[in-house]
Amino acid sequence: MQRNPQLNANGELQHLLSIEGLPREILVQILDTAESFAGVTEREVKKVPILRGKSVFNLFFEPSTRTRTTFEIAAKRLSADVINLNIAVSSQSKGESLLDTVANLSAMQADIFIVRHSASGAPFLIARHVKPHEHVVNAGDGRHAHPTQGLLDLFTIRHYKKDFSKLTVAIVGDILHSRVARSLIHGLTTLGAPEVRVIGPQTLLPSGVEALGVRVFHDMREGLRGADVVVMLRLQNERMGGALVPSAQEFNKHYGLSGDKLSVAKPDAIVMHPGPMNRGVEIDSTVADGPHSVILPQVTFGIAVRMAVMSIVAGN
Amino acid sequence: MKPLPEAETICEQLAAELRSRIGPKTAMIGIYTGGAWLAERLHRLLGLATPLGLMDIAFYRDDYTARGLKHDPKRTKIPFDVSGRELLLVDDVLYTGRTIRAAMNELFDYGRPESISLVVLADRGGRQLPICAQHCGARVDVPGGKRLRLRQAADGKLALVLEAEDAA
C-alpha cells in the first residue's frame, strides 16, 4: 500500500495537501492548536517565536490576494521570514518548469512552500520532490482541494456550535467548481457531522456527489429546513450566462440566500461564505451583514488555523 | 529511598509562606498542566482578588526544532494586564529551568511586569540555566531514568509521583 503522501513515517503531518485522507486525530490536533493561536492573535504582541529563522515561500501560480495575505500574516506571527512570489508573471512565463522553479527556491533554503496552482495535483507533485526538511501546504489546487479554507470552516463551526455530532450543515451553490466544498465535506464527515446537505442546480453538482456521504437537494428551502450551519459558495462570474447558469438574477431567485429563505433554518443558524462575496447573487446584503453571519470571524480564524498548520508541519 | 513528600502538606506550607507577601499588585500565573493545578489551589487558599492566569509555553519552547509541536497545546489565558504587576509564577517541578525561561519570554509579550517570583512545589536540581525558585516547597532527589510529576486525582487531591522518563 502506498503511504499517505501527507504523513511521515511516524504518521505525523508532513505536508498539508488535502483534508481527504487525513485521520480524525490530525484534524482535531490542528483545530486544538489553532484554538491556542487564536489567543495569540488577541494579544498586544501578536507574535510567537516558534518559526524564527525559518523561511516561508508563498508560491502563487494563480492570483489570490486574500489567501496569500492571510498566509503571510500567519507566517509573520510565527516569526518566520516570508517571501512572496507571484509566479504567474515570473519564471513560468519564461518557460521554466514547475519542478525547476521549486528546485531553485529550495536552493535558497526554503522551509515551507505555500502553493496555489490552477492545476489539480500540483502541490502533490511538489511534495513528492522536496527535501525531507521542506514542507508543502496546499493553498488551493484547481477544482481539487483548499484544505486550509476547509479547516477554517471547521474551526468556525466548532467555535459556534461546539460539537459536530448533532449538526445539519447545508452547502449551497456551485459545488461542481468548488474546491472549498470538497475539502469541507471530507472534514465534516471525518469529524462525525451526521447530516451534510448540498443544494444547487443539477448543472452545478458533480455527478456522483452522493458518494461523498451527502444528501442532495435542488430546492433551496427544502435543503435549508432545520439547518444549523449554512455555507454559501461563490458563484464565479465566468460561469454565468453560459449553459450552467442562465443569469445572475435567475440564480439569485432560486439559490441566493435571502432573509426569507434563511428563516426555515434553525433560529440560531450561522451563515458562512469563503469570500469574495457576490452580493445580490449568492447572498443578499441583509444576510451577509445580518446577525446570523459569521463571515468576518471566518477571516480572523483563518489566520490562527494557518498558524497551526505551519507550526505543526514544520515541527514534524 | 526516602518517600516522596506529601503534595497536600506542601501546598499548605507554600500558602502560609506566600501570605505575608501578597500586596495590591500581586497576581498569580500557573504553567500547564501541573503548575496550573498548584496555582488553582494556592490562588484559592490565598483568596487573591485578581483572577488567576494560566499559560501554555508550547510556542516558546527551545526544543521545537528537535521535537516539533506537542499535540494538545492549551490556550494561554491571562485575564489581567501584567504591566506593573508583582507576578507569582507557579510550576509543579523545577528541573532544567527551560520551561521557566520560555514562560518568562511569553510573559513579556503580554507586558512589563514589575517583578516575577518563582513558586514551585518541588525542586529536583539539574539546572541548565541560571534560574532559581524564590518559594520552593521541597527538594527531591530523583533517580536516573525517572521523572517527577504532579498528579491530580478525581477528587482534586494532589500527589507527587515518580514515572519512567519515556512515559507519556
# chains A, B, ... in the order shown; residues from 1 in each chain; ligands from 1

$ closest_atom_pairs --of "chain A" --to "chain B" --cutoff "9 Å" --atoms "only C-alpha atoms" --output "JSON lines"
{"residue": "A:Gln29", "atom": "CA", "partner": "B:His71", "partner_atom": "CA", "distance": 6.1}
{"residue": "A:Ile30", "atom": "CA", "partner": "B:His71", "partner_atom": "CA", "distance": 8.8}
{"residue": "A:Asp32", "atom": "CA", "partner": "B:Asp72", "partner_atom": "CA", "distance": 6.5}
{"residue": "A:Thr33", "atom": "CA", "partner": "B:Pro73", "partner_atom": "CA", "distance": 5.9}
{"residue": "A:Glu35", "atom": "CA", "partner": "B:Arg75", "partner_atom": "CA", "distance": 6.6}
{"residue": "A:Ser36", "atom": "CA", "partner": "B:Arg75", "partner_atom": "CA", "distance": 4.1}
{"residue": "A:Phe37", "atom": "CA", "partner": "B:Arg75", "partner_atom": "CA", "distance": 7.4}
{"residue": "A:Ala38", "atom": "CA", "partner": "B:Arg75", "partner_atom": "CA", "distance": 8.1}
{"residue": "A:Gly39", "atom": "CA", "partner": "B:Arg75", "partner_atom": "CA", "distance": 6.2}
{"residue": "A:Val40", "atom": "CA", "partner": "B:Thr76", "partner_atom": "CA", "distance": 8.1}
{"residue": "A:Arg43", "atom": "CA", "partner": "B:Tyr110", "partner_atom": "CA", "distance": 6.8}
{"residue": "A:Glu44", "atom": "CA", "partner": "B:Tyr110", "partner_atom": "CA", "distance": 6.3}
{"residue": "A:Val45", "atom": "CA", "partner": "B:Asp109", "partner_atom": "CA", "distance": 5.4}
{"residue": "A:Lys46", "atom": "CA", "partner": "B:Asp109", "partner_atom": "CA", "distance": 8.1}
{"residue": "A:Lys47", "atom": "CA", "partner": "B:Asp109", "partner_atom": "CA", "distance": 8.0}
{"residue": "A:Val48", "atom": "CA", "partner": "B:Phe59", "partner_atom": "CA", "distance": 6.3}
{"residue": "A:Pro49", "atom": "CA", "partner": "B:Tyr60", "partner_atom": "CA", "distance": 6.3}
{"residue": "A:Ile50", "atom": "CA", "partner": "B:Phe59", "partner_atom": "CA", "distance": 5.5}
{"residue": "A:Leu51", "atom": "CA", "partner": "B:Tyr64", "partner_atom": "CA", "distance": 8.8}
{"residue": "A:Leu78", "atom": "CA", "partner": "B:Phe59", "partner_atom": "CA", "distance": 8.8}
{"residue": "A:Ser311", "atom": "CA", "partner": "B:Leu69", "partner_atom": "CA", "distance": 7.0}
{"residue": "A:Ile312", "atom": "CA", "partner": "B:Leu69", "partner_atom": "CA", "distance": 5.9}
{"residue": "A:Val313", "atom": "CA", "partner": "B:Gly68", "partner_atom": "CA", "distance": 8.3}
{"residue": "A:Ala314", "atom": "CA", "partner": "B:Gly68", "partner_atom": "CA", "distance": 7.4}
{"residue": "A:Gly315", "atom": "CA", "partner": "B:Gly68", "partner_atom": "CA", "distance": 3.6}
{"residue": "A:Asn316", "atom": "CA", "partner": "B:Gly68", "partner_atom": "CA", "distance": 5.5}

$ select_by_dssp --residues "segment 150-222 of chain A" --states "strand (DSSP E)" --output "PyMOL selection string"
chain A and resi 168-172+195-199+215-217

$ residues_around --residues "Leu244 of chain A" --least-positions-apart "4" --cutoff "12 Å" --atoms "only C-alpha atoms" --output "list in words"
Gly173, Asp174, Leu176, His177, Gly200, Pro201, Gln202, Thr203, Leu204, Leu205, Leu235, Gln236, Asn237, Glu238, Arg239, Met240, Ala248, Glu250 and Phe251 of chain A

$ write_last_selection --atoms "C-alpha atoms" --output "tab-separated table (two decimals), in the first residue's frame"
chain	number	residue	atom	x	y	z
A	173	GLY	CA	-24.33	26.82	-4.80
A	174	ASP	CA	-21.59	25.92	-7.23
A	176	LEU	CA	-19.04	21.50	-9.11
A	177	HIS	CA	-16.27	24.08	-9.39
A	200	GLY	CA	-27.77	23.58	-6.10
A	201	PRO	CA	-28.96	23.17	-9.66
A	202	GLN	CA	-28.14	19.84	-11.33
A	203	THR	CA	-25.68	21.65	-13.62
A	204	LEU	CA	-23.54	22.80	-10.67
A	205	LEU	CA	-23.42	19.50	-8.76
A	235	LEU	CA	-20.78	31.82	-7.96
A	236	GLN	CA	-17.88	32.58	-10.23
A	237	ASN	CA	-18.73	35.26	-12.76
A	238	GLU	CA	-17.17	33.31	-15.56
A	239	ARG	CA	-19.78	30.55	-15.09
A	240	MET	CA	-22.71	32.87	-15.65
A	248	ALA	CA	-27.19	36.09	-12.00
A	250	GLU	CA	-32.15	33.74	-12.16
A	251	PHE	CA	-29.56	32.12	-9.85

$ closest_residue --among "B:Ala16, B:Val93, B:Ala102, B:Leu46" --to "Arg151 of chain B" --atoms "only C-alpha atoms"
B:Val93

$ decode --residues "segment 80-206 of chain A" --atoms "C-alpha atoms" --output "PDB file, in the first residue's frame"
ATOM      1  CA  ALA A  80       9.090  33.268  10.008  1.00  0.00           C
ATOM      2  CA  ASP A  81      10.554  35.198   7.097  1.00  0.00           C
ATOM      3  CA  VAL A  82       8.073  35.388   4.225  1.00  0.00           C
ATOM      4  CA  ILE A  83       8.922  35.618   0.560  1.00  0.00           C
ATOM      5  CA  ASN A  84       6.034  36.233  -1.835  1.00  0.00           C
ATOM      6  CA  LEU A  85       6.440  35.022  -5.391  1.00  0.00           C
ATOM      7  CA  ASN A  86       3.862  35.865  -7.958  1.00  0.00           C
ATOM      8  CA  ILE A  87       4.907  33.235 -10.424  1.00  0.00           C
ATOM      9  CA  ALA A  88       2.141  33.857 -12.930  1.00  0.00           C
ATOM     10  CA  VAL A  89       4.199  36.826 -14.119  1.00  0.00           C
ATOM     11  CA  SER A  90       7.635  35.386 -13.370  1.00  0.00           C
ATOM     12  CA  SER A  91       9.774  32.395 -14.366  1.00  0.00           C
ATOM     13  CA  GLN A  92       6.931  30.276 -15.681  1.00  0.00           C
ATOM     14  CA  SER A  93       6.248  32.821 -18.396  1.00  0.00           C
ATOM     15  CA  LYS A  94       9.897  32.382 -19.397  1.00  0.00           C
ATOM     16  CA  GLY A  95       9.314  28.648 -19.788  1.00  0.00           C
ATOM     17  CA  GLU A  96      10.786  27.242 -16.545  1.00  0.00           C
ATOM     18  CA  SER A  97       9.147  24.024 -15.355  1.00  0.00           C
ATOM     19  CA  LEU A  98       7.316  23.780 -12.030  1.00  0.00           C
ATOM     20  CA  LEU A  99       9.918  21.463 -10.510  1.00  0.00           C
ATOM     21  CA  ASP A 100      12.819  23.627 -11.703  1.00  0.00           C
ATOM     22  CA  THR A 101      11.198  26.627 -10.053  1.00  0.00           C
ATOM     23  CA  VAL A 102      10.869  24.701  -6.795  1.00  0.00           C
ATOM     24  CA  ALA A 103      14.425  23.323  -7.006  1.00  0.00           C
ATOM     25  CA  ASN A 104      15.747  26.865  -7.362  1.00  0.00           C
ATOM     26  CA  LEU A 105      13.769  28.102  -4.382  1.00  0.00           C
ATOM     27  CA  SER A 106      14.892  25.090  -2.382  1.00  0.00           C
ATOM     28  CA  ALA A 107      18.479  26.118  -3.107  1.00  0.00           C
ATOM     29  CA  MET A 108      17.585  29.428  -1.407  1.00  0.00           C
ATOM     30  CA  GLN A 109      16.953  27.488   1.874  1.00  0.00           C
ATOM     31  CA  ALA A 110      13.177  27.299   1.975  1.00  0.00           C
ATOM     32  CA  ASP A 111      11.427  25.518   4.854  1.00  0.00           C
ATOM     33  CA  ILE A 112       7.754  25.776   3.865  1.00  0.00           C
ATOM     34  CA  PHE A 113       6.185  26.201   0.436  1.00  0.00           C
ATOM     35  CA  ILE A 114       2.651  27.568   0.329  1.00  0.00           C
ATOM     36  CA  VAL A 115       1.342  26.587  -3.108  1.00  0.00           C
ATOM     37  CA  ARG A 116      -1.638  27.895  -5.063  1.00  0.00           C
ATOM     38  CA  HIS A 117      -1.975  26.453  -8.567  1.00  0.00           C
ATOM     39  CA  SER A 118      -4.704  26.223 -11.186  1.00  0.00           C
ATOM     40  CA  ALA A 119      -3.795  22.583 -11.929  1.00  0.00           C
ATOM     41  CA  SER A 120      -5.256  19.970  -9.579  1.00  0.00           C
ATOM     42  CA  GLY A 121      -2.464  17.941  -8.007  1.00  0.00           C
ATOM     43  CA  ALA A 122       0.372  20.467  -8.456  1.00  0.00           C
ATOM     44  CA  PRO A 123       1.105  20.656  -4.679  1.00  0.00           C
ATOM     45  CA  PHE A 124       1.250  16.827  -4.557  1.00  0.00           C
ATOM     46  CA  LEU A 125       3.833  16.833  -7.351  1.00  0.00           C
ATOM     47  CA  ILE A 126       5.937  19.390  -5.472  1.00  0.00           C
ATOM     48  CA  ALA A 127       5.590  17.488  -2.167  1.00  0.00           C
ATOM     49  CA  ARG A 128       6.978  14.360  -3.828  1.00  0.00           C
ATOM     50  CA  HIS A 129      10.114  16.190  -4.907  1.00  0.00           C
ATOM     51  CA  VAL A 130      11.056  18.408  -1.960  1.00  0.00           C
ATOM     52  CA  LYS A 131      13.783  17.563   0.561  1.00  0.00           C
ATOM     53  CA  PRO A 132      12.825  15.856   3.832  1.00  0.00           C
ATOM     54  CA  HIS A 133      13.050  19.066   5.891  1.00  0.00           C
ATOM     55  CA  GLU A 134      10.835  21.005   3.462  1.00  0.00           C
ATOM     56  CA  HIS A 135       7.069  21.153   3.812  1.00  0.00           C
ATOM     57  CA  VAL A 136       4.280  21.895   1.367  1.00  0.00           C
ATOM     58  CA  VAL A 137       0.924  23.456   2.221  1.00  0.00           C
ATOM     59  CA  ASN A 138      -1.769  23.453  -0.454  1.00  0.00           C
ATOM     60  CA  ALA A 139      -3.405  26.880  -0.735  1.00  0.00           C
ATOM     61  CA  GLY A 140      -5.827  25.721  -3.426  1.00  0.00           C
ATOM     62  CA  ASP A 141      -5.230  23.500  -6.463  1.00  0.00           C
ATOM     63  CA  GLY A 142      -7.611  23.616  -9.417  1.00  0.00           C
ATOM     64  CA  ARG A 143     -11.007  22.191  -8.560  1.00  0.00           C
ATOM     65  CA  HIS A 144      -9.455  19.682  -6.214  1.00  0.00           C
ATOM     66  CA  ALA A 145      -8.823  20.968  -2.676  1.00  0.00           C
ATOM     67  CA  HIS A 146      -8.368  24.013  -0.473  1.00  0.00           C
ATOM     68  CA  PRO A 147      -7.604  22.382   2.863  1.00  0.00           C
ATOM     69  CA  THR A 148      -6.846  25.453   4.987  1.00  0.00           C
ATOM     70  CA  GLN A 149     -10.165  27.022   3.924  1.00  0.00           C
ATOM     71  CA  GLY A 150     -11.920  23.755   4.814  1.00  0.00           C
ATOM     72  CA  LEU A 151     -10.132  23.711   8.178  1.00  0.00           C
ATOM     73  CA  LEU A 152     -11.048  27.298   8.990  1.00  0.00           C
ATOM     74  CA  ASP A 153     -14.659  26.482   8.121  1.00  0.00           C
ATOM     75  CA  LEU A 154     -14.494  23.511  10.512  1.00  0.00           C
ATOM     76  CA  PHE A 155     -12.880  25.722  13.162  1.00  0.00           C
ATOM     77  CA  THR A 156     -15.649  28.319  12.743  1.00  0.00           C
ATOM     78  CA  ILE A 157     -18.388  25.683  13.014  1.00  0.00           C
ATOM     79  CA  ARG A 158     -16.788  24.182  16.134  1.00  0.00           C
ATOM     80  CA  HIS A 159     -16.359  27.651  17.655  1.00  0.00           C
ATOM     81  CA  TYR A 160     -20.069  28.474  17.373  1.00  0.00           C
ATOM     82  CA  LYS A 161     -21.647  25.004  17.641  1.00  0.00           C
ATOM     83  CA  LYS A 162     -19.089  23.211  19.920  1.00  0.00           C
ATOM     84  CA  ASP A 163     -19.976  19.679  18.793  1.00  0.00           C
ATOM     85  CA  PHE A 164     -20.303  18.161  15.307  1.00  0.00           C
ATOM     86  CA  SER A 165     -22.303  15.096  16.346  1.00  0.00           C
ATOM     87  CA  LYS A 166     -25.774  16.650  16.082  1.00  0.00           C
ATOM     88  CA  LEU A 167     -25.252  19.133  13.266  1.00  0.00           C
ATOM     89  CA  THR A 168     -27.042  19.595   9.970  1.00  0.00           C
ATOM     90  CA  VAL A 169     -24.807  21.502   7.561  1.00  0.00           C
ATOM     91  CA  ALA A 170     -26.083  22.808   4.207  1.00  0.00           C
ATOM     92  CA  ILE A 171     -23.604  23.781   1.490  1.00  0.00           C
ATOM     93  CA  VAL A 172     -25.217  25.854  -1.239  1.00  0.00           C
ATOM     94  CA  GLY A 173     -24.329  26.821  -4.797  1.00  0.00           C
ATOM     95  CA  ASP A 174     -21.590  25.921  -7.232  1.00  0.00           C
ATOM     96  CA  ILE A 175     -20.390  22.645  -5.738  1.00  0.00           C
ATOM     97  CA  LEU A 176     -19.040  21.497  -9.111  1.00  0.00           C
ATOM     98  CA  HIS A 177     -16.269  24.075  -9.386  1.00  0.00           C
ATOM     99  CA  SER A 178     -15.649  24.472  -5.661  1.00  0.00           C
ATOM    100  CA  ARG A 179     -12.501  23.102  -4.062  1.00  0.00           C
ATOM    101  CA  VAL A 180     -13.767  24.604  -0.797  1.00  0.00           C
ATOM    102  CA  ALA A 181     -16.876  22.386  -0.814  1.00  0.00           C
ATOM    103  CA  ARG A 182     -14.899  19.203  -1.359  1.00  0.00           C
ATOM    104  CA  SER A 183     -12.459  19.945   1.467  1.00  0.00           C
ATOM    105  CA  LEU A 184     -15.279  20.867   3.830  1.00  0.00           C
ATOM    106  CA  ILE A 185     -17.393  17.788   3.045  1.00  0.00           C
ATOM    107  CA  HIS A 186     -14.444  15.476   3.791  1.00  0.00           C
ATOM    108  CA  GLY A 187     -13.732  17.305   7.046  1.00  0.00           C
ATOM    109  CA  LEU A 188     -17.347  17.246   8.224  1.00  0.00           C
ATOM    110  CA  THR A 189     -17.811  13.539   7.556  1.00  0.00           C
ATOM    111  CA  THR A 190     -14.467  12.727   9.246  1.00  0.00           C
ATOM    112  CA  LEU A 191     -15.439  14.699  12.352  1.00  0.00           C
ATOM    113  CA  GLY A 192     -18.814  12.981  12.548  1.00  0.00           C
ATOM    114  CA  ALA A 193     -21.378  15.536  11.347  1.00  0.00           C
ATOM    115  CA  PRO A 194     -24.460  13.329  10.822  1.00  0.00           C
ATOM    116  CA  GLU A 195     -26.102  15.309   8.027  1.00  0.00           C
ATOM    117  CA  VAL A 196     -24.300  17.182   5.283  1.00  0.00           C
ATOM    118  CA  ARG A 197     -26.508  18.527   2.501  1.00  0.00           C
ATOM    119  CA  VAL A 198     -25.564  20.042  -0.816  1.00  0.00           C
ATOM    120  CA  ILE A 199     -28.018  22.364  -2.521  1.00  0.00           C
ATOM    121  CA  GLY A 200     -27.766  23.580  -6.103  1.00  0.00           C
ATOM    122  CA  PRO A 201     -28.965  23.167  -9.663  1.00  0.00           C
ATOM    123  CA  GLN A 202     -28.135  19.840 -11.326  1.00  0.00           C
ATOM    124  CA  THR A 203     -25.680  21.651 -13.622  1.00  0.00           C
ATOM    125  CA  LEU A 204     -23.544  22.803 -10.674  1.00  0.00           C
ATOM    126  CA  LEU A 205     -23.420  19.499  -8.755  1.00  0.00           C
ATOM    127  CA  PRO A 206     -20.721  16.975  -9.645  1.00  0.00           C
TER     128      PRO A 206
END
